[in-house]
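Asks: Contents of protein-v6.cif (mmCIF, C-alpha atoms):
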```
data_target
loop_
_atom_site.label_atom_id
_atom_site.label_comp_id
_atom_site.auth_asym_id
_atom_site.auth_seq_id
_atom_site.Cartn_x
_atom_site.Cartn_y
_atom_site.Cartn_z
CA MET X 1 14.79 7.73 -9.53
CA VAL X 2 14.91 5.98 -6.16
CA CYS X 3 12.46 3.31 -7.31
CA ALA X 4 14.67 2.50 -10.32
CA GLY X 5 17.76 2.52 -8.12
CA LEU X 6 16.16 0.05 -5.71
CA ALA X 7 15.11 -2.23 -8.58
CA LYS X 8 18.69 -2.29 -9.83
CA GLU X 9 19.99 -2.91 -6.31
CA GLN X 10 17.66 -5.91 -6.06
CA GLY X 11 19.30 -7.32 -9.17
CA PHE X 12 16.59 -6.60 -11.73
CA ARG X 13 17.39 -5.72 -15.30
CA VAL X 14 15.42 -2.50 -15.72
CA LEU X 15 13.29 -1.47 -18.68
CA ALA X 16 12.36 2.15 -17.98
CA LEU X 17 9.07 3.58 -19.22
CA THR X 18 8.36 7.29 -19.17
CA ILE X 19 5.07 8.63 -20.46
CA ASP X 20 5.09 11.93 -22.29
CA TYR X 21 1.45 12.68 -21.50
CA ASN X 22 1.78 16.31 -22.52
CA GLN X 23 2.00 17.17 -18.86
CA ARG X 24 2.45 20.74 -17.71
CA HIS X 25 5.83 19.77 -16.24
CA ARG X 26 7.22 18.10 -19.36
CA ILE X 27 10.61 19.16 -18.06
CA GLU X 28 10.46 15.94 -16.02
CA LEU X 29 11.08 14.03 -19.27
CA ASP X 30 14.59 15.50 -19.38
CA ALA X 31 15.16 14.37 -15.81
CA ALA X 32 13.93 10.89 -16.72
CA ARG X 33 16.49 10.68 -19.55
CA VAL X 34 19.35 11.65 -17.25
CA ILE X 35 18.22 9.24 -14.53
CA ALA X 36 17.74 6.30 -16.90
CA GLU X 37 21.31 6.82 -18.10
CA ARG X 38 22.66 7.21 -14.56
CA VAL X 39 20.83 4.21 -13.12
CA GLY X 40 21.87 2.07 -16.06
CA VAL X 41 18.67 0.70 -17.57
CA GLU X 42 18.61 -1.78 -20.45
CA ARG X 43 16.24 0.36 -22.47
CA HIS X 44 14.38 3.60 -21.87
CA VAL X 45 11.18 4.29 -23.78
CA ILE X 46 9.62 7.74 -23.64
CA LEU X 47 6.16 7.05 -24.99
CA PRO X 48 4.02 9.92 -26.30
CA LEU X 49 0.42 9.65 -25.08
CA ASP X 50 -1.45 12.94 -25.24
CA LEU X 51 -3.73 12.92 -22.20
CA ARG X 52 -4.32 16.63 -22.84
CA GLN X 53 -6.87 15.38 -25.38
CA PHE X 54 -8.97 14.42 -22.37
CA GLY X 55 -7.95 17.20 -19.96
CA GLY X 56 -9.68 17.25 -16.59
CA SER X 57 -6.57 18.04 -14.52
CA ALA X 58 -4.36 21.01 -13.69
CA LEU X 59 -1.51 18.99 -15.21
CA THR X 60 -3.27 18.41 -18.55
CA ALA X 61 -5.61 21.39 -19.00
CA ASP X 62 -5.70 25.15 -18.46
CA ILE X 63 -6.46 24.85 -14.75
CA ASP X 64 -4.22 26.60 -12.21
CA VAL X 65 -1.95 24.46 -10.04
CA PRO X 66 -2.86 25.15 -6.38
CA LYS X 67 -0.13 26.93 -4.45
CA ASP X 68 -1.68 27.41 -1.02
CA GLY X 69 -0.62 24.24 0.74
CA VAL X 70 -1.40 20.54 0.83
CA GLY X 71 -5.04 19.74 1.61
CA ASP X 72 -6.97 16.59 2.45
CA ASP X 73 -9.12 16.16 -0.65
CA ILE X 74 -8.20 14.82 -4.05
CA PRO X 75 -6.51 17.87 -5.63
CA VAL X 76 -7.10 19.22 -9.15
CA THR X 77 -3.63 17.96 -10.03
CA TYR X 78 -5.15 14.47 -10.01
CA VAL X 79 -5.02 13.19 -13.61
CA PRO X 80 -8.00 10.90 -14.25
CA ALA X 81 -6.95 7.24 -14.11
CA ARG X 82 -3.35 8.20 -14.80
CA ASN X 83 -1.55 5.54 -12.80
CA LEU X 84 -3.94 2.90 -14.10
CA VAL X 85 -2.97 3.93 -17.62
CA PHE X 86 0.73 3.97 -16.65
CA LEU X 87 0.67 0.53 -15.02
CA SER X 88 -1.34 -0.92 -17.91
CA LEU X 89 1.31 0.27 -20.34
CA ALA X 90 4.10 -1.03 -18.10
CA LEU X 91 2.30 -4.37 -18.02
CA ALA X 92 1.98 -4.36 -21.82
CA TRP X 93 5.72 -3.86 -22.19
CA ALA X 94 6.57 -6.32 -19.42
CA GLU X 95 4.46 -9.06 -20.97
CA ALA X 96 5.92 -8.41 -24.43
CA ALA X 97 9.43 -8.56 -22.96
CA GLY X 98 8.83 -11.72 -20.91
CA SER X 99 8.82 -10.02 -17.50
CA LYS X 100 6.30 -10.37 -14.68
CA ASP X 101 7.66 -7.65 -12.39
CA LEU X 102 6.56 -4.03 -12.49
CA PHE X 103 7.99 -1.22 -10.39
CA ILE X 104 6.18 2.03 -9.67
CA GLY X 105 7.34 4.89 -7.45
CA VAL X 106 4.02 5.72 -5.82
CA ASN X 107 4.05 6.95 -2.25
CA ALA X 108 0.98 6.87 -0.02
CA LEU X 109 2.38 7.80 3.37
CA ASP X 110 3.08 11.53 3.28
CA TYR X 111 0.10 12.11 1.08
CA SER X 112 -2.68 9.79 0.06
CA GLY X 113 -4.90 12.29 -1.74
CA TYR X 114 -4.46 10.46 -5.04
CA PRO X 115 -6.57 7.30 -5.15
CA ASP X 116 -4.18 5.70 -7.63
CA CYS X 117 -1.26 5.90 -5.20
CA ARG X 118 -2.89 3.81 -2.48
CA PRO X 119 -1.95 0.22 -1.59
CA GLU X 120 -5.47 -1.00 -2.48
CA PHE X 121 -4.95 0.24 -6.02
CA VAL X 122 -1.57 -1.42 -6.40
CA GLN X 123 -2.90 -4.72 -5.03
CA GLY X 124 -6.04 -4.49 -7.13
CA PHE X 125 -3.94 -3.97 -10.25
CA GLU X 126 -1.93 -7.12 -9.53
CA GLY X 127 -5.17 -9.10 -9.44
CA LEU X 128 -6.53 -7.65 -12.66
CA ALA X 129 -3.18 -8.05 -14.40
CA ARG X 130 -3.48 -11.80 -13.88
CA ILE X 131 -6.97 -11.88 -15.38
CA ALA X 132 -6.13 -9.57 -18.30
CA THR X 133 -3.05 -11.27 -19.69
CA LYS X 134 -1.56 -14.36 -21.21
CA ILE X 135 0.74 -14.47 -18.16
CA GLY X 136 -2.25 -15.13 -15.92
CA SER X 137 -3.89 -17.55 -18.36
CA GLU X 138 -0.76 -19.66 -18.17
CA GLY X 139 -0.85 -19.71 -14.38
CA GLY X 140 1.67 -16.94 -13.81
CA THR X 141 1.37 -13.95 -11.51
CA VAL X 142 2.30 -10.32 -11.93
CA THR X 143 4.01 -8.51 -9.07
CA VAL X 144 3.77 -4.75 -8.74
CA HIS X 145 6.66 -3.57 -6.61
CA ALA X 146 6.04 -0.22 -4.96
CA PRO X 147 9.10 0.09 -2.74
CA LEU X 148 8.43 3.73 -1.83
CA GLN X 149 4.80 3.19 -0.95
CA HIS X 150 5.17 3.26 2.82
CA LEU X 151 8.31 5.40 3.09
CA LYS X 152 8.27 8.96 4.38
CA LYS X 153 9.63 11.52 1.91
CA SER X 154 12.62 12.06 4.21
CA ARG X 155 13.40 8.38 4.07
CA ILE X 156 13.18 8.41 0.28
CA ALA X 157 15.69 11.29 0.27
CA GLN X 158 18.01 9.21 2.47
CA GLU X 159 17.63 6.24 0.15
CA ALA X 160 18.69 8.39 -2.80
CA ALA X 161 21.83 9.38 -0.90
CA ARG X 162 22.50 5.80 0.20
CA LEU X 163 22.24 4.62 -3.42
CA GLY X 164 24.69 7.33 -4.49
CA LEU X 165 22.07 9.09 -6.61
CA ASP X 166 22.04 12.84 -7.20
CA ALA X 167 18.76 14.30 -5.96
CA GLY X 168 19.34 17.33 -8.17
CA GLN X 169 18.83 15.13 -11.23
CA SER X 170 15.25 14.35 -10.20
CA TRP X 171 12.24 16.56 -10.76
CA SER X 172 9.12 17.09 -8.63
CA CYS X 173 7.56 20.49 -9.42
CA TYR X 174 4.17 20.53 -11.13
CA ASP X 175 4.44 24.09 -12.36
CA PRO X 176 8.00 24.98 -13.37
CA LEU X 177 8.89 28.48 -14.50
CA THR X 178 9.92 29.01 -18.10
CA ASP X 179 13.53 29.52 -16.93
CA GLY X 180 13.65 25.97 -15.56
CA ARG X 181 13.29 26.77 -11.87
CA ALA X 182 10.81 24.92 -9.64
CA CYS X 183 7.91 26.99 -8.30
CA GLY X 184 8.59 25.99 -4.70
CA VAL X 185 4.98 26.23 -3.58
CA CYS X 186 2.95 23.57 -5.37
CA ASP X 187 2.10 20.47 -3.33
CA SER X 188 4.87 18.50 -4.97
CA CYS X 189 7.53 21.16 -4.18
CA ARG X 190 6.27 21.50 -0.61
CA LEU X 191 6.45 17.76 0.04
CA ARG X 192 9.89 17.49 -1.55
CA ARG X 193 11.33 20.41 0.39
CA ALA X 194 9.90 19.25 3.70
CA GLY X 195 11.21 15.73 3.14
CA PHE X 196 14.75 16.77 2.31
CA GLU X 197 14.75 19.32 5.14
CA GLU X 198 13.66 16.64 7.62
CA ALA X 199 16.40 14.36 6.31
CA GLY X 200 18.97 17.17 6.58
CA LEU X 201 19.88 16.75 2.92
CA ASN X 202 20.15 19.15 0.00
CA ASP X 203 17.60 18.46 -2.74
CA GLY X 204 19.65 20.17 -5.44
CA THR X 205 16.68 22.09 -6.78
CA ARG X 206 16.67 25.70 -7.96
CA TYR X 207 13.50 27.19 -6.53
CA SER X 208 12.00 30.50 -7.65
CA ASP X 209 11.06 31.68 -4.18
CA MET H 1 -19.72 -0.19 -34.92
CA VAL H 2 -22.54 -2.24 -33.44
CA CYS H 3 -21.43 -1.44 -29.89
CA ALA H 4 -21.54 2.30 -30.63
CA GLY H 5 -24.89 1.90 -32.36
CA LEU H 6 -26.34 0.12 -29.33
CA ALA H 7 -25.00 2.80 -26.97
CA LYS H 8 -26.72 5.46 -29.07
CA GLU H 9 -29.93 3.41 -29.16
CA GLN H 10 -29.86 3.24 -25.36
CA GLY H 11 -29.80 7.03 -25.29
CA PHE H 12 -26.16 7.62 -24.40
CA ARG H 13 -24.22 10.57 -25.72
CA VAL H 14 -21.20 8.85 -27.23
CA LEU H 15 -17.56 9.92 -26.95
CA ALA H 16 -15.70 7.61 -29.32
CA LEU H 17 -12.11 6.62 -28.63
CA THR H 18 -9.97 4.90 -31.24
CA ILE H 19 -6.39 3.97 -30.47
CA ASP H 20 -3.86 4.28 -33.25
CA TYR H 21 -1.49 1.74 -31.71
CA ASN H 22 0.53 1.38 -34.90
CA GLN H 23 -1.35 -1.81 -35.57
CA ARG H 24 -0.72 -3.83 -38.70
CA HIS H 25 -4.31 -3.15 -39.79
CA ARG H 26 -4.19 0.61 -39.38
CA ILE H 27 -6.76 0.70 -42.16
CA GLU H 28 -9.30 0.14 -39.36
CA LEU H 29 -8.71 3.76 -38.29
CA ASP H 30 -10.35 4.91 -41.53
CA ALA H 31 -13.32 2.66 -40.80
CA ALA H 32 -13.53 4.13 -37.29
CA ARG H 33 -13.72 7.65 -38.72
CA VAL H 34 -16.55 6.73 -41.07
CA ILE H 35 -18.45 4.87 -38.36
CA ALA H 36 -18.10 7.66 -35.78
CA GLU H 37 -19.58 10.07 -38.32
CA ARG H 38 -22.36 7.66 -39.29
CA VAL H 39 -23.34 6.74 -35.73
CA GLY H 40 -23.29 10.38 -34.69
CA VAL H 41 -20.87 10.67 -31.80
CA GLU H 42 -20.29 13.88 -29.84
CA ARG H 43 -16.54 13.67 -30.30
CA HIS H 44 -14.16 11.18 -31.83
CA VAL H 45 -10.56 11.03 -30.61
CA ILE H 46 -8.03 8.96 -32.52
CA LEU H 47 -5.23 8.74 -30.01
CA PRO H 48 -1.70 7.80 -31.15
CA LEU H 49 -0.09 5.27 -28.80
CA ASP H 50 2.75 3.37 -30.39
CA LEU H 51 2.53 -0.15 -28.94
CA ARG H 52 4.98 -1.25 -31.65
CA GLN H 53 7.62 0.12 -29.25
CA PHE H 54 6.85 -2.94 -27.13
CA GLY H 55 6.04 -5.45 -29.88
CA GLY H 56 5.27 -8.98 -28.78
CA SER H 57 2.33 -9.55 -31.15
CA ALA H 58 1.68 -10.30 -34.81
CA LEU H 59 -0.28 -7.03 -34.88
CA THR H 60 2.59 -4.90 -33.52
CA ALA H 61 5.77 -6.67 -34.62
CA ASP H 62 7.23 -8.53 -37.60
CA ILE H 63 5.47 -11.77 -36.77
CA ASP H 64 3.27 -13.47 -39.37
CA VAL H 65 -0.49 -13.43 -38.86
CA PRO H 66 -1.68 -17.07 -38.74
CA LYS H 67 -3.85 -18.07 -41.71
CA ASP H 68 -4.56 -21.74 -41.05
CA GLY H 69 -7.73 -21.53 -39.02
CA VAL H 70 -8.94 -20.61 -35.55
CA GLY H 71 -7.29 -22.61 -32.77
CA ASP H 72 -7.91 -23.01 -29.05
CA ASP H 73 -4.86 -21.31 -27.58
CA ILE H 74 -4.11 -17.63 -27.16
CA PRO H 75 -2.95 -16.70 -30.68
CA VAL H 76 0.10 -14.58 -31.58
CA THR H 77 -2.31 -11.83 -32.59
CA TYR H 78 -2.88 -11.28 -28.87
CA VAL H 79 -1.47 -7.83 -28.06
CA PRO H 80 -0.12 -7.83 -24.50
CA ALA H 81 -2.55 -6.12 -22.11
CA ARG H 82 -4.17 -4.27 -25.02
CA ASN H 83 -7.75 -4.14 -23.82
CA LEU H 84 -6.59 -3.19 -20.33
CA VAL H 85 -4.73 -0.26 -21.88
CA PHE H 86 -7.78 0.61 -24.01
CA LEU H 87 -10.24 0.50 -21.12
CA SER H 88 -7.86 2.47 -18.88
CA LEU H 89 -7.71 5.22 -21.49
CA ALA H 90 -11.48 5.14 -21.95
CA LEU H 91 -11.83 5.47 -18.19
CA ALA H 92 -9.40 8.41 -18.17
CA TRP H 93 -11.49 10.23 -20.76
CA ALA H 94 -14.78 9.26 -19.14
CA GLU H 95 -13.70 10.56 -15.75
CA ALA H 96 -12.39 13.79 -17.25
CA ALA H 97 -15.69 14.23 -19.11
CA GLY H 98 -17.90 13.44 -16.12
CA SER H 99 -19.10 10.05 -17.36
CA LYS H 100 -19.19 6.74 -15.49
CA ASP H 101 -20.20 4.50 -18.40
CA LEU H 102 -17.75 2.78 -20.71
CA PHE H 103 -18.68 0.69 -23.74
CA ILE H 104 -16.40 -1.90 -25.30
CA GLY H 105 -17.17 -4.20 -28.21
CA VAL H 106 -15.49 -7.35 -26.90
CA ASN H 107 -17.01 -10.69 -27.77
CA ALA H 108 -16.27 -13.86 -25.83
CA LEU H 109 -18.75 -16.34 -27.30
CA ASP H 110 -17.47 -17.32 -30.71
CA TYR H 111 -13.92 -17.09 -29.56
CA SER H 112 -12.50 -16.66 -26.08
CA GLY H 113 -8.81 -17.10 -26.90
CA TYR H 114 -8.05 -13.55 -25.82
CA PRO H 115 -7.98 -13.27 -22.02
CA ASP H 116 -8.88 -9.60 -22.21
CA CYS H 117 -12.19 -10.31 -23.96
CA ARG H 118 -13.61 -12.52 -21.20
CA PRO H 119 -16.37 -11.51 -18.80
CA GLU H 120 -14.03 -11.92 -15.80
CA PHE H 121 -11.77 -9.27 -17.25
CA VAL H 122 -14.60 -6.82 -17.87
CA GLN H 123 -15.99 -7.33 -14.36
CA GLY H 124 -12.54 -7.12 -12.81
CA PHE H 125 -11.93 -3.84 -14.58
CA GLU H 126 -15.13 -2.37 -13.14
CA GLY H 127 -13.88 -3.18 -9.66
CA LEU H 128 -10.43 -1.71 -10.18
CA ALA H 129 -11.88 1.39 -11.86
CA ARG H 130 -13.68 2.18 -8.62
CA ILE H 131 -10.47 1.87 -6.60
CA ALA H 132 -8.30 3.77 -9.09
CA THR H 133 -10.36 6.91 -9.55
CA LYS H 134 -11.90 9.96 -7.94
CA ILE H 135 -15.26 8.55 -9.06
CA GLY H 136 -14.83 5.61 -6.70
CA SER H 137 -13.39 7.73 -3.88
CA GLU H 138 -16.59 9.76 -3.96
CA GLY H 139 -18.74 6.65 -3.72
CA GLY H 140 -19.52 6.32 -7.43
CA THR H 141 -19.31 3.24 -9.58
CA VAL H 142 -18.05 2.67 -13.09
CA THR H 143 -20.05 0.47 -15.46
CA VAL H 144 -18.37 -1.29 -18.35
CA HIS H 145 -21.03 -2.13 -20.91
CA ALA H 146 -20.04 -4.99 -23.20
CA PRO H 147 -23.28 -5.50 -25.14
CA LEU H 148 -21.69 -7.87 -27.68
CA GLN H 149 -19.99 -10.04 -25.10
CA HIS H 150 -22.39 -12.98 -25.22
CA LEU H 151 -23.71 -12.56 -28.76
CA LYS H 152 -22.82 -14.89 -31.59
CA LYS H 153 -21.13 -13.21 -34.55
CA SER H 154 -24.23 -13.94 -36.65
CA ARG H 155 -26.37 -12.12 -34.10
CA ILE H 156 -24.00 -9.14 -34.16
CA ALA H 157 -24.38 -9.06 -37.95
CA GLN H 158 -28.16 -9.04 -37.51
CA GLU H 159 -27.92 -6.24 -34.97
CA ALA H 160 -25.95 -4.15 -37.46
CA ALA H 161 -28.73 -4.63 -40.01
CA ARG H 162 -31.45 -3.92 -37.45
CA LEU H 163 -29.71 -0.65 -36.47
CA GLY H 164 -29.51 0.34 -40.16
CA LEU H 165 -25.72 0.24 -40.14
CA ASP H 166 -23.64 -0.66 -43.20
CA ALA H 167 -21.49 -3.69 -42.43
CA GLY H 168 -19.23 -2.74 -45.31
CA GLN H 169 -18.11 0.33 -43.37
CA SER H 170 -16.64 -1.84 -40.62
CA TRP H 171 -13.26 -3.56 -40.68
CA SER H 172 -12.16 -6.90 -39.22
CA CYS H 173 -9.10 -8.20 -41.12
CA TYR H 174 -5.78 -8.35 -39.26
CA ASP H 175 -3.64 -8.52 -42.36
CA PRO H 176 -5.06 -6.39 -45.18
CA LEU H 177 -3.42 -6.36 -48.59
CA THR H 178 -1.80 -3.16 -49.78
CA ASP H 179 -4.67 -2.67 -52.22
CA GLY H 180 -7.16 -2.44 -49.35
CA ARG H 181 -8.70 -5.91 -49.65
CA ALA H 182 -9.15 -8.16 -46.62
CA CYS H 183 -7.03 -11.33 -46.57
CA GLY H 184 -10.04 -13.57 -45.99
CA VAL H 185 -8.13 -16.21 -44.07
CA CYS H 186 -6.91 -14.70 -40.79
CA ASP H 187 -8.94 -15.61 -37.69
CA SER H 188 -10.76 -12.31 -37.76
CA CYS H 189 -11.80 -12.72 -41.42
CA ARG H 190 -12.86 -16.31 -40.83
CA LEU H 191 -15.06 -15.42 -37.86
CA ARG H 192 -16.57 -12.45 -39.71
CA ARG H 193 -17.36 -14.44 -42.84
CA ALA H 194 -18.84 -17.36 -40.92
CA GLY H 195 -20.99 -15.03 -38.85
CA PHE H 196 -22.45 -13.14 -41.81
CA GLU H 197 -22.92 -16.37 -43.74
CA GLU H 198 -24.84 -17.91 -40.83
CA ALA H 199 -26.96 -14.76 -40.62
CA GLY H 200 -27.56 -14.85 -44.37
CA LEU H 201 -26.28 -11.30 -44.72
CA ASN H 202 -23.67 -9.69 -46.96
CA ASP H 203 -20.67 -8.35 -45.04
CA GLY H 204 -19.73 -5.85 -47.73
CA THR H 205 -16.07 -6.81 -47.60
CA ARG H 206 -13.73 -7.16 -50.59
CA TYR H 207 -11.75 -10.32 -49.89
CA SER H 208 -8.60 -11.28 -51.76
CA ASP H 209 -9.44 -14.96 -52.04
#
```
Go ahead and express the file in the form of structure tokens.

Replies:
Amino acid sequence: MVCAGLAKEQGFRVLALTIDYNQRHRIELDAARVIAERVGVERHVILPLDLRQFGGSALTADIDVPKDGVGDDIPVTYVPARNLVFLSLALAWAEAAGSKDLFIGVNALDYSGYPDCRPEFVQGFEGLARIATKIGSEGGTVTVHAPLQHLKKSRIAQEAARLGLDAGQSWSCYDPLTDGRACGVCDSCRLRRAGFEEAGLNDGTRYSD
Amino acid sequence: MVCAGLAKEQGFRVLALTIDYNQRHRIELDAARVIAERVGVERHVILPLDLRQFGGSALTADIDVPKDGVGDDIPVTYVPARNLVFLSLALAWAEAAGSKDLFIGVNALDYSGYPDCRPEFVQGFEGLARIATKIGSEGGTVTVHAPLQHLKKSRIAQEAARLGLDAGQSWSCYDPLTDGRACGVCDSCRLRRAGFEEAGLNDGTRYSD
């Protein structure tokens, strides 16, 4: 949400891509619809791509989402090569649409357990994007904007408020309850809550605990 | 087909991934099914991924497939970032399955008009795969095998015969007729025909011309 808001603020016309990868928290697709409408994107594609066929993650297989606090290792909520797949698809659409600018909302400061959220990955993708495409063959470059990469979660919360966005429209929880409440104790809930608390802002989320 | 056959010959257990990207020549999905069965893969996933949502190619939009001979430029049959998307998905499955070896049947010798068939792309992907994944974070490496990369089409035809594979089960044409015949004059048909002719082998294809 904040990443899209910043892209709009910078004057970009936004094409919004959401991947329905059959994730455990598919409820985030509803949030994406609301946000795309609110931010005012030119087109929003929700693309079905069933990564549950491959599994290998608590988000795409019958593996429990950890609830006992954020650790240092790569967690089981890591989805193999997910952000590489996401950026590749964003690049495919960008190139088809005549754009050379990608935006992704990765954040590596509060938590760098996911290899595909780190700056090295984002930079490496820019390099490969040049080699892989017609854009690069014609001498062009691809820029991957990751405006949240080095921001603390509390700062991201403040940016949402500054942009006039409603935090309650966004979704973070990996393991929502069937009644639509957030679990409150998965890594994603913990980081969200701590960030908004530090910023002194309300995150607009209904938690189950 | 030949790439999968060579992987099997080298002793690999093969997980076969076919992308149903809503391509003009979706008939190739039927060929993939037959080949996966014939080669003897452990599992074959045909993954729907509608790249027609993005368009931008004669294979994924209402753009005519060129029929007047192979040129030097990147043709309109180039699908933006397609092989990057394909390899990213193969990597996702490989990592989930505990494998570090990917195989892709790209060929850069007869025709290097597609940027995502060139050796630089394949090597660049190996590098990024290490950065993007848990495999790399744990000190592992990813190998992208492209055994057809430097082979002439005629040599690939010979390899098919040597491996006891039936060329007629494979599919090349970009623009098949509704009756299931190959057009015979798109770039892919031209390169196939010339390769088999040079090898003195029958390609088992019903052409419309």

Asks: For a quick check of understanding, using all atoms listed in the file, which of X:Gly69, X:Gly127, X:Gly180, X:Gly5 has the smallest distance to chain H?

Replies: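 For chain H, the nearest of the candidates is X:Gly127.
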
Asks: Can you list what the PyMOL selection byres ((chain X) within 6 of (chain H)) grabs from this structure, as a count of residues only?

Replies: 17

Asks: If the PyMOL selection byres ((chain X and resi 29-33) around 8) is run on the structure shown, which residues does it catch, given as JSON, numbers by chain?

Replies: {"X": [1, 18, 20, 26, 27, 28, 34, 35, 36, 37, 44, 46, 169, 170, 171]}

Asks: Keeping C-alpha atoms, export the residues of the selection given above as a PDB file, keeping the file's coordinate frame.

Replies:
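Dumped everything to part.pdb:
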```
ATOM      1  CA  MET X   1      14.790   7.730  -9.530  1.00  0.00           C
ATOM      2  CA  THR X  18       8.360   7.290 -19.170  1.00  0.00           C
ATOM      3  CA  ASP X  20       5.090  11.930 -22.290  1.00  0.00           C
ATOM      4  CA  ARG X  26       7.220  18.100 -19.360  1.00  0.00           C
ATOM      5  CA  ILE X  27      10.610  19.160 -18.060  1.00  0.00           C
ATOM      6  CA  GLU X  28      10.460  15.940 -16.020  1.00  0.00           C
ATOM      7  CA  VAL X  34      19.350  11.650 -17.250  1.00  0.00           C
ATOM      8  CA  ILE X  35      18.220   9.240 -14.530  1.00  0.00           C
ATOM      9  CA  ALA X  36      17.740   6.300 -16.900  1.00  0.00           C
ATOM     10  CA  GLU X  37      21.310   6.820 -18.100  1.00  0.00           C
ATOM     11  CA  HIS X  44      14.380   3.600 -21.870  1.00  0.00           C
ATOM     12  CA  ILE X  46       9.620   7.740 -23.640  1.00  0.00           C
ATOM     13  CA  GLN X 169      18.830  15.130 -11.230  1.00  0.00           C
ATOM     14  CA  SER X 170      15.250  14.350 -10.200  1.00  0.00           C
ATOM     15  CA  TRP X 171      12.240  16.560 -10.760  1.00  0.00           C
TER      16      TRP X 171
END
```

Asks: Would you kindly translate the PyMOL selection byres ((chain X and resi 65) around 10) into the concrete residues it picks from this file, as a count of residues only?

Replies: 18

Asks: What is the atom CA of Gly105 of chain H-atom CA of Val14 of chain H distance in Å, reported with one decimal?

Replies: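 Atom-to-atom, atom CA of Gly105 of chain H and atom CA of Val14 of chain H are spaced 13.7 Å apart.
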
Asks: Counting all atoms listed in the file, I want the residues whose atoms come within 7 Å of (2.2, 6.9, 6.0) in the file frame, returned as a list in words.

Replies: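 Residues with an atom at most 7 Å from (2.2, 6.9, 6.0): Ala108, Leu109, Asp110, His150, Leu151 and Lys152 of chain X.
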
Asks: How about saving the chosen residues, C-alpha atoms kept, as a PDB file, keeping the file's coordinate frame?

Replies:
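result39.pdb, freshly written:
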```pdb
ATOM      1  CA  ALA X 108       0.980   6.870  -0.020  1.00  0.00           C
ATOM      2  CA  LEU X 109       2.380   7.800   3.370  1.00  0.00           C
ATOM      3  CA  ASP X 110       3.080  11.530   3.280  1.00  0.00           C
ATOM      4  CA  HIS X 150       5.170   3.260   2.820  1.00  0.00           C
ATOM      5  CA  LEU X 151       8.310   5.400   3.090  1.00  0.00           C
ATOM      6  CA  LYS X 152       8.270   8.960   4.380  1.00  0.00           C
TER       7      LYS X 152
END
```

Asks: Could you tell me which of H:Ser172, H:Asn202, H:Asn107, H:Gln10 comes closest to Gln149 of chain H if we count only C-alpha atoms?

Replies: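 Using only C-alpha atoms, Gln149 of chain H sits closest to H:Asn107.
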
Asks: Hey, can you check how far atom CA of Ser154 of chain H sits from atom CA of His25 of chain H?

Replies: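 Answer for the atom CA of Ser154 of chain H to atom CA of His25 of chain H separation: 22.9 Å.
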
Asks: Set the distance at 10 Å and use all atoms listed in the file: which residues neighbour Ala157 of chain X once local chain neighbours fewer than 3 positions away are removed? I'd like the list as a PyMOL selection string.

Replies: chain X and resi 2+151-154+160-162+165-167+192+195-203

Asks: Pick the closest to Phe103 of chain H from H:Cys189, H:Val70, H:Val142, H:Ile19: which is it, counting all atoms listed in the file?

Replies: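 Ranking H:Cys189, H:Val70, H:Val142, H:Ile19 by distance to Phe103 of chain H, first place goes to H:Val142.
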
Asks: In Å, with one decimal, what is the gap from atom CA of Arg43 of chain H to atom CA of Glu9 of chain H?

Replies: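 One can read the atom CA of Arg43 of chain H to atom CA of Glu9 of chain H distance as 16.9 Å.
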
Asks: Go ahead and fit an axis-aligned box to every listed atom of segment 164-167 of chain X plus 4 Å each side, and pass me the centre and edge lengths in Å, one decimal, as lines of an AutoDock Vina configuration file.

Replies:
```
center_x = 21.7
center_y = 10.8
center_z = -5.8
size_x = 13.9
size_y = 15.0
size_z = 10.7
```

Asks: Please output segment 62-69 of chain X, rebuilt to include N, CA and C atoms, as a compact mmCIF listing (two decimals), in the frame of the given file.

Replies:
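This is the output file rebuild-v1.txt:
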```
# COMPACT_ATOMS: atom_id res chain seq x y z
N ASP X 62 -5.96 23.78 -18.93
CA ASP X 62 -5.70 25.15 -18.46
C ASP X 62 -6.42 25.40 -17.13
N ILE X 63 -5.94 24.72 -16.12
CA ILE X 63 -6.46 24.85 -14.75
C ILE X 63 -5.25 25.18 -13.89
N ASP X 64 -5.37 26.20 -13.02
CA ASP X 64 -4.22 26.60 -12.21
C ASP X 64 -3.80 25.51 -11.21
N VAL X 65 -2.49 25.36 -11.07
CA VAL X 65 -1.95 24.46 -10.04
C VAL X 65 -2.08 25.15 -8.69
N PRO X 66 -2.71 24.53 -7.70
CA PRO X 66 -2.86 25.15 -6.38
C PRO X 66 -1.50 25.41 -5.72
N LYS X 67 -1.40 26.53 -5.05
CA LYS X 67 -0.13 26.93 -4.45
C LYS X 67 -0.25 27.24 -2.96
N ASP X 68 -1.43 26.96 -2.39
CA ASP X 68 -1.68 27.41 -1.02
C ASP X 68 -1.57 26.32 0.04
N GLY X 69 -0.86 25.26 -0.28
CA GLY X 69 -0.62 24.24 0.74
C GLY X 69 -1.38 22.96 0.49
```
